[in-house]
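*Asks:* Have a look at the structure that comes next, please.
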Amino acid sequence: MDPALLVFAKVPRPGTVKTRLTPALSAASAARLYTAFLRDTLRQVVRLEADVRLYLAPPLPDEGLDAVPSGVSVHAQTGEGLGGRMKRAFQETLAHGHGQVLVMGSDHPTLPPSFLRRAKQALRDPGSLCIGPTEDGGFYALGMSAFYPQLFDGMSYSHSRVFAETLSRAGQTEADLTVLPQWYDVDRPGDLGRLLADIEKRPAEAPNTRRVADRLELASLA
């Protein structure tokens, strides 16, 4: 069975996504940009040899989500807190028969595809872990080829030591650990300049983000 790649995301409703980009952007514009991020993330991962599963924070829209390409299954996140939701997603995906599972977010539409290929390679052996750190102290991806619930139990998120604490917990297991190259999230207005530079250098990697950035005139805000 192919490895599973889980994309954790929110339904792009105005006022609930990319809130730290406001008031530089309106709530509606922030939601449009986030939708573009999600489209580009899914566009990238469906090219990999993996079972792509989109995990959305509830409530899920009754009408579905048009940003989801064919072949991507949609699931509701369940569990207490982000750690509990990731733990549940890993547990059910491994139980479904996948031997390697990688979870990633949708806040980094210009993430180099080579990073995800390296993650898949790192998980080829049983009992492996990989983690991709972000510049703000979090992580953009976490993968495992066996179930390590201790990475999530009692873990808190949304602070600058998430990566360090997860790395420490991983080091207390017997897993073969791989640390992937560092990347960045697009969370704050100051991140927009780097995003624009990246999509200018590699326009084919994030076409939806580039198109929305042009329409929203993000260059004037960066």
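So you can find residues: chains in the structure tokens are A, B, ... in the order shown, residues in each start at 1, and ligands are numbered from 1 in order.
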Using only C-alpha atoms, which protein or nucleic acid residues come within 9 Å of stretch 193-203 of chain A? Drop anything in the same chain fewer than 3 positions from it, and give the result as a list in words.
*Replies:*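 Here the answer would be His108, Pro109, Thr110, Val186, Pro189, Gly190, Ala206, Pro207, Thr209, Arg210, Ala213, Leu218, Ala219, Leu221 and Ala222 of chain A.
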*Asks:* A:Gln77: which residues within 9 Å, counting only C-alpha atoms, same-chain residues fewer than 3 positions away excluded, as a VMD selection string?
*Replies:* chain A and resid 8 55 to 58 82 85 to 86 88 to 89
*Asks:* Quick one: which stretch 62-92 of chain A residues come within 10 Å of stretch 28-44 of chain A, and what is the nearest atom pair for each with the distance in Å to one decimal, counting only C-alpha atoms, rows ordered by chain and ascending number, as a Markdown table?
*Replies:*
```
| residue | atom | partner | partner_atom | distance |
| --- | --- | --- | --- | --- |
| A:Leu65 | CA | A:Thr35 | CA | 10.0 |
| A:Asp66 | CA | A:Arg39 | CA | 9.3 |
| A:Ala67 | CA | A:Arg39 | CA | 5.5 |
| A:Val68 | CA | A:Arg39 | CA | 7.2 |
| A:Pro69 | CA | A:Leu42 | CA | 7.3 |
| A:Val72 | CA | A:Leu42 | CA | 8.3 |
```
*Asks:* If you count only C-alpha atoms, which residues fall within 12 Å of A:Met1, apart from same-chain ones fewer than 3 positions away, as a list in words?
*Replies:*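 Within the cut-off, the hits are Ala4, Glu49, Ala50, Asp51, Thr93, Leu94, His96, Gly97, His98, Gly99, Gln100 and Val101 of chain A.
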*Asks:* Could you work out how far atom CA of A:Glu217 lies from atom CA of A:Val46, giving the answer in Å with one decimal?
*Replies:* 28.8 Å
*Asks:* Excluding stretch 157-163 of chain A and any residue of its chain fewer than 4 positions from it, enumerate the residues within 8 Å of it, using only C-alpha atoms, and give them as a ChimeraX atom specification.
*Replies:* /A:82-83,133-134,136-139,167
*Asks:* May I have the residues from that selection written out with N, CA, C and O atoms, as a PDB file, in the first residue's frame?
*Replies:*
```
ATOM      1  N   LEU A  82      -5.011  20.115  18.936  1.00  0.00           N
ATOM      2  CA  LEU A  82      -4.291  19.748  17.727  1.00  0.00           C
ATOM      3  C   LEU A  82      -3.535  18.428  17.906  1.00  0.00           C
ATOM      4  O   LEU A  82      -3.553  17.570  17.006  1.00  0.00           O
ATOM      5  N   GLY A  83      -2.873  18.253  19.044  1.00  0.00           N
ATOM      6  CA  GLY A  83      -2.156  17.016  19.282  1.00  0.00           C
ATOM      7  C   GLY A  83      -3.067  15.810  19.256  1.00  0.00           C
ATOM      8  O   GLY A  83      -2.744  14.775  18.650  1.00  0.00           O
ATOM      9  N   PRO A 133      11.250  21.170  10.469  1.00  0.00           N
ATOM     10  CA  PRO A 133      11.069  22.363  11.307  1.00  0.00           C
ATOM     11  C   PRO A 133      10.739  23.621  10.503  1.00  0.00           C
ATOM     12  O   PRO A 133      11.135  23.756   9.343  1.00  0.00           O
ATOM     13  N   THR A 134      10.009  24.518  11.128  1.00  0.00           N
ATOM     14  CA  THR A 134       9.764  25.833  10.554  1.00  0.00           C
ATOM     15  C   THR A 134      10.572  26.880  11.316  1.00  0.00           C
ATOM     16  O   THR A 134      10.996  26.662  12.445  1.00  0.00           O
ATOM     17  N   ASP A 136       9.737  29.527  12.735  1.00  0.00           N
ATOM     18  CA  ASP A 136       9.117  30.099  13.925  1.00  0.00           C
ATOM     19  C   ASP A 136       9.087  29.133  15.104  1.00  0.00           C
ATOM     20  O   ASP A 136       8.459  29.403  16.125  1.00  0.00           O
ATOM     21  N   GLY A 137       9.761  27.977  14.958  1.00  0.00           N
ATOM     22  CA  GLY A 137       9.822  27.029  16.068  1.00  0.00           C
ATOM     23  C   GLY A 137       8.807  25.922  16.023  1.00  0.00           C
ATOM     24  O   GLY A 137       8.762  25.088  16.935  1.00  0.00           O
ATOM     25  N   GLY A 138       8.004  25.869  14.978  1.00  0.00           N
ATOM     26  CA  GLY A 138       7.046  24.785  14.818  1.00  0.00           C
ATOM     27  C   GLY A 138       7.570  23.750  13.841  1.00  0.00           C
ATOM     28  O   GLY A 138       8.781  23.618  13.640  1.00  0.00           O
ATOM     29  N   PHE A 139       6.660  23.017  13.206  1.00  0.00           N
ATOM     30  CA  PHE A 139       7.076  22.092  12.157  1.00  0.00           C
ATOM     31  C   PHE A 139       6.044  22.088  11.040  1.00  0.00           C
ATOM     32  O   PHE A 139       4.860  22.311  11.268  1.00  0.00           O
ATOM     33  N   LEU A 167      10.974  17.214  19.043  1.00  0.00           N
ATOM     34  CA  LEU A 167      12.261  16.568  18.798  1.00  0.00           C
ATOM     35  C   LEU A 167      12.754  15.849  20.050  1.00  0.00           C
ATOM     36  O   LEU A 167      13.274  14.727  19.981  1.00  0.00           O
TER      37      LEU A 167
END
```
*Asks:* Would you compute the distance between atom CA of A:Ala146 and atom CA of A:Gly105? Give it in Å to one decimal.
*Replies:*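 So the answer is 20.4 Å.
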*Asks:* With only C-alpha atoms as the atoms that count, which of A:Pro112, A:Leu102, A:Gln182, A:Ser26 lies nearest to A:Met144?
*Replies:*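 Once distances to A:Met144 are computed over only C-alpha atoms, the minimum belongs to A:Leu102.
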*Asks:* Taking only C-alpha atoms into account, name the residue in A:Glu205, A:Thr19, A:Arg53, A:Leu142 that is nearest to A:Pro113.
*Replies:*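 The shortest atom-to-atom distance to A:Pro113 comes from A:Glu205.
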*Asks:* May I ask which of the residues A:Pro59, A:Gln121, A:Leu177, A:Trp183 is the closest one to A:Arg13, counting only C-alpha atoms?
*Replies:*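 When distances to A:Arg13 are compared using only C-alpha atoms, the smallest one comes from A:Pro59.
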